[in-house]
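Heads up: the structure comes next, in structure tokens.
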Amino acid sequence: MVTPATSEPGVGRASAGESPGLPLRAGGESVGLRSSSRNPNAPLSFRAWLALSAAGFATFFGIWWAVAASGLVSPQFLPSPLAVAEQFVKLTQTTFVGYTLQQHLASSFGRFALGFGLAVAIGIPLGLLMGWYRGLDEIVTPLFDALRFIAPIAWVPFAALWFGTGIGGPVLVIFTGAFPPCVVNAYRGARFVEPRFIEAARTLGAGPFRMITEVLLPASVPSIVAGLRISAGLGWQSLVGAELIVASSGIGYLLVKGQSNISTSIVMSGMIAIGVVGFAIDALLRAIERRIQHRRGR
Amino acid sequence: MSRLSRRRSLLVGAATFAVVVVAWYALTTLTNTISPGRFPAPGEVWDALRQISVAGYADARLAEHVLHSVKLVLLGFAAAAIIGVPLGLAMGASTRIEAFANPTFLLLRPIPPLAWIPLAIVWLGLGDAAKILIIWFAAFVPAVINSYAGVRAIEPHLLEAARMLGVSRWAFVREVLVPGAMPMIFTGLRLSLQACWTTLVAGELIGAIAGLGHVLYQASLDIFPAMIVVGMASVAVTAAVMTVALGFVERRAMPWRS
């Protein structure tokens, strides 16, 4: 199956932000097929795989390099891969619009941590409570469903109006991006706890507080962690969007300034940095997810 | 859920909305606890809605802004689906194509679609072409990944049976691959549509001459909170309508599921 997170009953639809990762080598799944040269699904040997992957990379960078080198496009609009790499290094050493690349990233990451932290701190308890108290579920769900369709980025005008362009504005936008998956996955986790656990806890005299902290929370950890990954992804993406519009520092701001300077190499360097940090955040959460699944013997 | 409890849920939901509206009215118009510069009163939002629907705001009427945005989303989305789904299917069906395309894909995937906006503007300016490019990109990645995963999720013995029965290549694609991967393809398209919409709003906020994001941008320049609310509500309603429409298409495309 694709990812354990989405193949859980009930979680798939709600945690829609999740996209199954492409395994680097997915040959092993077609076990039942005889490997013959006519079968396109036959597992490749490692060498064939390596060669094809390298060819793929070479084609991508080759076309890029060839178009840039052909002189058809001005280097201002399409710098060669090497020029982008040079620009990237330069940005880490000298300041651009006030800060170096690392400082921009640090300021972005601070905002991200704050917005994501708030979403987790409010969203998970809310989701668990909604899973336990029917009344709260009935009150919150319609409001939640109504607000869910507002794209996080559409909060930008109010974010700027209420909190300004410093740290508050972007944090609100990140929060609105990261909040729904936290709530939904904690809620689903709590709703699909095996009834016998709840019955056992109830027989043993657990009150609502202990029921939530000692039964629902541990039982929904896998669902919650899957939600955190989606949440972090959406939060990071919302951060970039918010910083493109309301910020005076940060990686999104660097992109916008690169754009207004018509410097494609600065824009591309910023995109690379965004991709690397986003990937690192996801890899960290995926490692945590795997550890938890491993500990639970799944 | 029993019918009784569903009716109870509906009642509680309706009551919640009623309480929210009354509280909104009380906090703004009646007591002025929230200043009109921070959040508008219900009456102001109604006036703003009438203004944009009848007289127009930010150079066009509401219907024109909505149509403009929807047109861009559909163009970018269609282009992404037409290119992305076959590529994903091919990557799922052939380990060679997968090995060739996957690394580049893994390289580009972590870059969120919103981060392509400045690049699109540098390349194509503030017009529709730049919007379509970023929408295309936003929709492309989920379309490919989920079509790929859809093929991978087809039970191996189905593939094996088809191959053993000597199905021709075209029939294999039409009768086995596409129907088998269909549920995941639609999951991908649903994600794509959401991503498209978010990206378009962001793109229009950053620079555009029409569209709902442009309304939001203009309203925030004018410090016109009521119009911001109208813009946000329009974004939400349009997204909801498009999601419902895709759900309809999904049910029509997979009659065997219902």
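Numbering starts fresh at 1 for the residues of each chain in the structure tokens, the chains themselves are lettered A, B, ... in the order given, and ligands are numbered from 1 as they appear.
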Nearby residues (only C-alpha atoms) at most 7 Å from region 153-165 of chain A, same-chain spacing under 5 positions excluded, as JSON, numbers by chain:
{"A": [170, 172, 173, 238, 241, 242, 246, 247, 248], "B": [38, 198, 201, 202, 216, 220, 228, 232]}
Let me see the file: selected residues, C-alpha atoms, as a short mmCIF file (atom, residue, chain, number, x, y, z; two decimals), in the first residue's frame.
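Saved file result_10.cif follows:
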```
data_model
loop_
_atom_site.label_atom_id
_atom_site.label_comp_id
_atom_site.auth_asym_id
_atom_site.auth_seq_id
_atom_site.Cartn_x
_atom_site.Cartn_y
_atom_site.Cartn_z
CA PRO A 170 2.67 35.70 8.59
CA LEU A 172 -1.67 34.01 11.39
CA VAL A 173 -1.46 32.76 7.81
CA SER A 238 1.54 29.14 3.64
CA GLY A 241 2.91 32.67 0.43
CA ALA A 242 2.50 35.02 3.37
CA VAL A 246 3.32 40.61 4.03
CA ALA A 247 6.84 40.52 5.35
CA SER A 248 9.95 42.61 5.56
CA ARG B 38 -10.66 45.90 12.40
CA THR B 198 -4.75 28.49 -3.21
CA VAL B 201 -5.42 33.45 -5.00
CA ALA B 202 -1.81 33.96 -3.93
CA LEU B 216 -8.57 41.06 -1.80
CA SER B 220 -6.47 45.60 1.74
CA ILE B 228 -12.05 41.75 2.44
CA MET B 232 -12.76 35.75 1.39
#
```
Give me, as a list in words, the residues of chain A touching chain B, with the criterion being at most 6 Å (counting only C-alpha atoms).
Pro40, Asn41, Trp49, Leu52, Ser53, Gly56, Phe57, Glu138, Ile139, Pro142, Phe149, Ile150, Ala151, Ala154, Pro157, Gln237, Gly241, Gln259, Gly275 and Phe279 of chain A
For Thr141 (chain A), work out the shell of residues within 9 Å, counting only C-alpha atoms and skipping chain neighbours fewer than 4 positions away, then give it as a list in words.
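Using only C-alpha atoms, the neighbours found are Met130, Leu136, Asp137, Asp145 and Ala146 of chain A; Gly13 of chain B.
Using only C-alpha atoms for every distance, the candidate list B:Val249, B:Val151, B:Leu158, B:Leu27 yields B:Val151 as the residue closest to Leu89 (chain B).
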When DSSP works through the backbone of this structure, what residues of region 31-225 of chain B end up as alpha helix (DSSP H), shown as a PyMOL selection string?
chain B and resi 42-50+62-93+95-108+117-124+128-152+156-164+169-172+178-206+212-221+225
With only C-alpha atoms as the counted atoms, please give the residues lying no more than 9 Å from Tyr57 (chain B), apart from itself and same-chain residues fewer than 2 positions off, as a count of residues only.
12
Residues near Leu129 (chain A), cut-off 8 Å, only C-alpha atoms, skip fewer than 4 positions along chain, as a count of residues only
5
Separation of CA of Leu105 (chain A) from CA of Gly250 (chain A) in Å
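Pair CA of Gly250 (chain A) / CA of Leu105 (chain A) returns 5.9 Å.
The spacing separating CA of Glu44 (chain B) from CA of Ala226 (chain B) amounts to 5.8 Å.
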Do a neighbour search on Gly189 (chain A) at 9 Å with only C-alpha atoms, toss out local chain neighbours closer than 5 positions, and write the hits as a ChimeraX atom specification.
/A:11,127-128,131,184,216-217,219-224
Print the selection's residues with C-alpha atoms to a file, as a PDB file, in the first residue's frame.
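Okay, out-v9.pdb is ready:
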```pdb
ATOM      1  CA  VAL A  11      -8.112   9.056   7.749  1.00  0.00           C
ATOM      2  CA  GLY A 127      -9.606  17.591  17.986  1.00  0.00           C
ATOM      3  CA  LEU A 128      -9.389  15.185  20.945  1.00  0.00           C
ATOM      4  CA  GLY A 131     -13.728  13.252  19.540  1.00  0.00           C
ATOM      5  CA  VAL A 184      -9.054  16.632  11.776  1.00  0.00           C
ATOM      6  CA  LEU A 216      -7.631   8.834  23.449  1.00  0.00           C
ATOM      7  CA  LEU A 217      -4.319  10.662  23.093  1.00  0.00           C
ATOM      8  CA  ALA A 219      -4.426   5.704  20.802  1.00  0.00           C
ATOM      9  CA  SER A 220      -4.569   8.505  18.250  1.00  0.00           C
ATOM     10  CA  VAL A 221      -0.833   9.194  18.126  1.00  0.00           C
ATOM     11  CA  PRO A 222      -0.324   7.548  14.697  1.00  0.00           C
ATOM     12  CA  SER A 223      -3.147   9.560  13.180  1.00  0.00           C
ATOM     13  CA  ILE A 224      -1.923  12.741  14.877  1.00  0.00           C
TER      14      ILE A 224
END
```
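As for CA of Ser69 (chain B) and CA of Leu244 (chain A), they are spaced 19.8 Å apart.
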Please identify all polymer residues within 10 Å of Met254 (chain B), counting only C-alpha atoms, omitting same-chain residues fewer than 5 positions from it, and present them as a ChimeraX atom specification.
/B:179,182-183,186,249
With C-alpha atoms retained, could you export that selection as a compact mmCIF listing (two decimals), in the first residue's frame?
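Output saved as out-v8.txt:
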```
# COMPACT_ATOMS: atom_id res chain seq x y z
CA PRO B 179 -10.02 1.97 -14.04
CA MET B 182 -9.10 5.77 -10.98
CA PRO B 183 -9.82 6.20 -7.25
CA PHE B 186 -9.42 11.42 -8.40
CA VAL B 249 -17.58 14.13 -12.15
```
Using only C-alpha atoms, find the one residue out of A:Val240, A:Leu228, A:Ala178, A:Ile274 that sits nearest to Ile288 (chain A).
A:Leu228
